[in-house]
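Read through the structure below, which is laid out as structure tokens, and then see the notes.
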Amino acid sequence: TVAADELINELTQRVTQFRAWQDTLDRHREARQNSIKPLTFPFPSFRKGQRELAEAVYKANNRAKQLLIEAPTGSGKTLGTLFPAIKALQTESLDSLYYLTTRNTARQVALDAFTLIQSDSPLPLILVEMTSKEAGCIEPDKLCQADSCPLAKGFFDRLPAARDKAFTKQQKTFDQATLQSLAKQYSLCPYFLGQELSRWADIVVADINQFLAPSAILYGYLIQDERKVSALVDESHNLISRCRDLYSLELRQSDYLFDSNNHDLQRALDAVQRAWQLLFSDRSGEQAFINYLPDKLEIALQKLCSIIGEELANDPSSIELQNLLFASSAYLKLAEQFGEHSIARVEKPRRGRGELAILNMDPSLFLIERWQSLHSLTLFSATLKPFDYYQQLLGLNDPVSGSLPSPFEPDQIRLTIRKDIDTRYQFRERSIRPIAELLVEQYHQNPGNHLFFASSFSYLNDIAQAFAEIDPDMDLHPQSQAMSNEERQAFLDAFTPTSRKLGLAVLGGLFSEGVDLPGDRLIGVTVATLGLPPFDQFHNLMRHSFDERFGRGYEYTYLYPGLQKVIQACGRLIRTAEDRGT
């Protein structure tokens, strides 16, 4: 029971606070619009093809279109897309620009380009770099709750002051380090502060997950606040595989095997176990693929989620129950839209260890709604052909598509194709020695740094052993599995203008794209095999599905992804107008 005066006073106080915040936003918006209008390109002239790229991006914003554009290496893609998109913030009265990446390292490239654009005078634009929770959280051993983490307790009480500070301080680029500094001043979690600031930011630089994942925060803000947003997606050739992962998941029976003192919770867990047992009652336990999901398990999980929610409301400290709730809810959400774009895999390697996975083959169904929520969308990469492959599997609606001319001359690269070495899987053993001999010959004929790419670590290791037999003095520099960021950087730093290394790397891996080794840091690249996906049951089912729907099963499943990896790997060689290589 509350007196009317008390309610009116609280309402007045809240409205006053919100009005002050809205006034801050209005002043910021006016300053932003005035500063963008006279903004000029940071260089005296555009690179070859860069002006056409900028014009295409600007027109896509102007006409609220989707753009699918192939811009070769060296054409200045980041600057050529970011600059016109910032100009469009003013002319199209957009609320925000999302610069989305498919690789973590690409975020820094966008931040560097923004710094370059405002090199003459700082722009009053708020840019926020969003990170994963793993990268942004500074209290990883605590739950995101007031009774566990001191940065969560009173978070929304301290947030307005930090938010006002962000919009009034001169430094308006909030990368990870700057966010952590601001968060520390107000005893806030830097990860969640970044999320809150992204709601009002002019530019958000983030991983594609932050917009496309089933529970993506940027998409949630866009819909809830009815914002007018354009998006740029860098390295878009990775989108199909990344989005397949986003809309796939695996449940494990063992995760639901534990005892609880809560009678209702234990009954719900027992019901889930019975559903698991029913799923495998008429199966051998070996891996199998099915085009439906088990109803009994879905019903049992729905009941379990309801009871876990009640349990966590009373005692939110159980991280095990939280994880179980998140996994079960994510499964149920995907199960609602299960159809011909996905398939289920079931397997029971041993008693009580059943597995059920939803595997996405075609993410277009999930992406259509996300793209339609945007004012305009630009997908760009050095490898985006054939366009219909990306258009169909990414759910694009009649996009404008095209390719820009290369800024480089043909004589900068010497291309040799060897047809006498058979690298097909069944003959791979025979190819090891000839490939090693070829690379040793090239290494000595053209002294300097070379990179060799093959389809797997096992293939690389076999060829490396052959090198040791032929020329034990060669300076081999192999990629290892599960490299940390520091190890990755050390691998690249080892290629200097004066070194003579033969790097060994995997197609489609860390070093086959997004790597710059200009000048004498890299003078030769050799690629063996296409890096095709495995010819297993899952990919054969995908091939059959794409044959029925598009008439291009082999191409969409194997050929185009394989060729894409080869082109990306070869693209490491020529990075500047002065580069030469083989």
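If you're wondering about the labels, chains in the structure tokens are A, B, ... by order shown, residues count from 1 in each chain, ligands from 1 in order shown.
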
Inset, instruction - List every residue of range 75-174 of chain A that DSSP, applied to the backbone, labels as alpha helix (DSSP H), and write the result as a VMD selection string. - result: chain A and resid 77 to 91 106 to 117 133 to 136 155 to 168

Legend entry - Residue contacts of range 557-566 of chain A (7 Å, only C-alpha atoms) excluding same-chain residues fewer than 6 positions away, as a VMD selection string: chain A and resid 383 507 to 508 527 530 to 533 539 542 to 543

Legend entry - Shell around Ser499 in chain A at 7 Å using only C-alpha atoms, local window under 4 positions removed, as a VMD selection string: chain A and resid 448 to 449 495

Inset, instruction - Write out as a count of residues only all residues of range 257-345 of chain A that DSSP puts in strand (DSSP E or B) for this structure's backbone. - result: 7

Inset, instruction - Find the spatial neighbours of Ile308 in chain A, counting only C-alpha atoms, within a cut-off of 10 Å - ignore same-chain residues fewer than 2 positions away - and output them as a PyMOL selection string. - result: chain A and resi 264-265+268+303-306+310-314+316+321-322+324-325

Legend entry - Residue neighbourhood range 332-345 of chain A, 9 Å, only C-alpha atoms, exclusion window fewer than 2 positions, as a PyMOL selection string: chain A and resi 214+247-250+287-293+298+301-302+327-330+347+355-366+538+541-542+545

Legend entry - Between CA of His237 in chain A and CA of Asp388 in chain A, distance in Å (one decimal): 12.6 Å

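The nearest approach to Gly571 in chain A among the residues A:Pro410, A:Pro84, A:Gly395, A:Gly74, with only C-alpha atoms taken into account, belongs to A:Gly74.
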
Legend entry - Residues within 9 Å of Leu492 in chain A, only C-alpha atoms, excluding chain neighbours under 2 positions, as a ChimeraX atom specification: /A:487-490,494-496,511,515-517

Deliver the residues from the most recent selection as a file, using N, CA, C and O atoms, as an mmCIF file, in the first residue's frame.
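The resulting file, again.cif, is reproduced below:
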```
data_model
loop_
_atom_site.group_PDB
_atom_site.id
_atom_site.type_symbol
_atom_site.label_atom_id
_atom_site.label_comp_id
_atom_site.auth_asym_id
_atom_site.auth_seq_id
_atom_site.Cartn_x
_atom_site.Cartn_y
_atom_site.Cartn_z
ATOM 1 N N GLU A 487 50.564 -17.508 -29.461
ATOM 2 C CA GLU A 487 51.274 -18.433 -30.355
ATOM 3 C C GLU A 487 51.005 -18.099 -31.810
ATOM 4 O O GLU A 487 51.903 -18.195 -32.662
ATOM 5 N N ARG A 488 49.780 -17.705 -32.090
ATOM 6 C CA ARG A 488 49.432 -17.315 -33.458
ATOM 7 C C ARG A 488 50.267 -16.111 -33.895
ATOM 8 O O ARG A 488 50.815 -16.089 -35.006
ATOM 9 N N GLN A 489 50.367 -15.113 -33.022
ATOM 10 C CA GLN A 489 51.134 -13.917 -33.373
ATOM 11 C C GLN A 489 52.600 -14.234 -33.519
ATOM 12 O O GLN A 489 53.286 -13.709 -34.411
ATOM 13 N N ALA A 490 53.113 -15.116 -32.653
ATOM 14 C CA ALA A 490 54.519 -15.506 -32.737
ATOM 15 C C ALA A 490 54.812 -16.221 -34.055
ATOM 16 O O ALA A 490 55.890 -16.038 -34.652
ATOM 17 N N ALA A 494 57.495 -14.506 -36.904
ATOM 18 C CA ALA A 494 58.713 -15.210 -37.309
ATOM 19 C C ALA A 494 59.041 -14.973 -38.789
ATOM 20 O O ALA A 494 60.198 -15.146 -39.210
ATOM 21 N N PHE A 495 58.032 -14.572 -39.586
ATOM 22 C CA PHE A 495 58.268 -14.267 -40.998
ATOM 23 C C PHE A 495 58.777 -12.821 -41.096
ATOM 24 O O PHE A 495 57.976 -11.876 -41.037
ATOM 25 N N THR A 496 60.064 -12.648 -41.242
ATOM 26 C CA THR A 496 60.654 -11.314 -41.351
ATOM 27 C C THR A 496 61.206 -11.121 -42.758
ATOM 28 O O THR A 496 61.364 -12.090 -43.519
ATOM 29 N N PHE A 511 45.761 -19.363 -40.557
ATOM 30 C CA PHE A 511 46.688 -18.588 -41.368
ATOM 31 C C PHE A 511 46.325 -18.566 -42.855
ATOM 32 O O PHE A 511 47.113 -18.070 -43.666
ATOM 33 N N VAL A 515 45.440 -12.716 -43.045
ATOM 34 C CA VAL A 515 46.843 -12.619 -42.634
ATOM 35 C C VAL A 515 47.587 -11.738 -43.634
ATOM 36 O O VAL A 515 47.499 -11.954 -44.843
ATOM 37 N N ASP A 516 48.318 -10.744 -43.134
ATOM 38 C CA ASP A 516 49.097 -9.848 -43.983
ATOM 39 C C ASP A 516 50.581 -10.080 -43.751
ATOM 40 O O ASP A 516 51.093 -9.826 -42.659
ATOM 41 N N LEU A 517 51.268 -10.550 -44.787
ATOM 42 C CA LEU A 517 52.728 -10.704 -44.752
ATOM 43 C C LEU A 517 53.282 -10.019 -46.004
ATOM 44 O O LEU A 517 53.683 -10.676 -46.968
#
```

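Of the listed residues (A:Ala60, A:Cys570, A:Cys243, A:Ile117), A:Cys570 comes nearest to Ala382 in chain A; the distances count only C-alpha atoms.
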
Legend entry - Given only C-alpha atoms as the counted atoms, nearest of A:Val272, A:Ile435, A:Leu179, A:Ile307 to Asp422 in chain A: A:Ile435

Legend entry - Best match for closeness to Asp245 in chain A among A:Tyr191, A:Glu10, A:Pro124, A:Asn209, counting only C-alpha atoms: A:Asn209

Inset, instruction - Kindly indicate which residue among A:Leu504, A:Ile421, A:Ala161, A:Leu460 lies nearest to Ala20 in chain A, using only C-alpha atoms for the distances. - result: A:Ala161

Inset, instruction - May I ask which of the residues A:Ser484, A:Thr526, A:Thr498, A:Gln118 is the closest one to Thr416 in chain A, counting only C-alpha atoms? - result: A:Thr526

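CA of Pro534 in chain A lies 25.2 Å from CA of Arg283 in chain A.
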
List every residue of range 150-186 of chain A that has an atom at most 10 Å from any atom of range 141-144 of chain A, and for each one report the closest atom pair and its distance in Å to one decimal, counting only C-alpha atoms, with rows sorted by chain and then by increasing residue number, as JSON lines.
```
{"residue": "A:Pro150", "atom": "CA", "partner": "A:Cys144", "partner_atom": "CA", "distance": 9.2}
{"residue": "A:Leu151", "atom": "CA", "partner": "A:Cys144", "partner_atom": "CA", "distance": 8.4}
{"residue": "A:Ala152", "atom": "CA", "partner": "A:Cys144", "partner_atom": "CA", "distance": 6.1}
{"residue": "A:Lys153", "atom": "CA", "partner": "A:Cys144", "partner_atom": "CA", "distance": 9.0}
```

Dump as a CSV table (one decimal), in the first residue's frame, selection limited to C-alpha atoms:
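Below you can see again_19.csv, which holds the result:
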```
chain,number,residue,atom,x,y,z
A,150,PRO,CA,30.2,-7.1,-6.6
A,151,LEU,CA,30.1,-5.7,-10.1
A,152,ALA,CA,26.5,-7.0,-10.6
A,153,LYS,CA,25.2,-5.7,-7.3
```

Give me the residues of range 217-318 of chain A that have any atom at most 12 Å from an atom of range 105-112 of chain A; for each, the nearest atom pair and the distance in Å, rounded to one decimal. Use only C-alpha atoms, sort by chain and number, and format it as JSON lines.
```
{"residue": "A:Leu232", "atom": "CA", "partner": "A:Ala110", "partner_atom": "CA", "distance": 10.6}
{"residue": "A:Val233", "atom": "CA", "partner": "A:Ala106", "partner_atom": "CA", "distance": 10.5}
{"residue": "A:Asp234", "atom": "CA", "partner": "A:Ala106", "partner_atom": "CA", "distance": 7.8}
{"residue": "A:Glu235", "atom": "CA", "partner": "A:Ala106", "partner_atom": "CA", "distance": 8.5}
{"residue": "A:Ser236", "atom": "CA", "partner": "A:Ala106", "partner_atom": "CA", "distance": 11.7}
```

Export C-alpha atoms of the chosen residues as an mmCIF file, in the first residue's frame?
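Result saved to result20.cif:
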```
data_model
loop_
_atom_site.group_PDB
_atom_site.id
_atom_site.type_symbol
_atom_site.label_atom_id
_atom_site.label_comp_id
_atom_site.auth_asym_id
_atom_site.auth_seq_id
_atom_site.Cartn_x
_atom_site.Cartn_y
_atom_site.Cartn_z
ATOM 1 C CA LEU A 232 28.402 -4.054 -42.835
ATOM 2 C CA VAL A 233 29.581 -7.680 -42.663
ATOM 3 C CA ASP A 234 33.283 -8.245 -43.265
ATOM 4 C CA GLU A 235 34.747 -11.533 -44.585
ATOM 5 C CA SER A 236 31.225 -12.616 -45.512
#
```
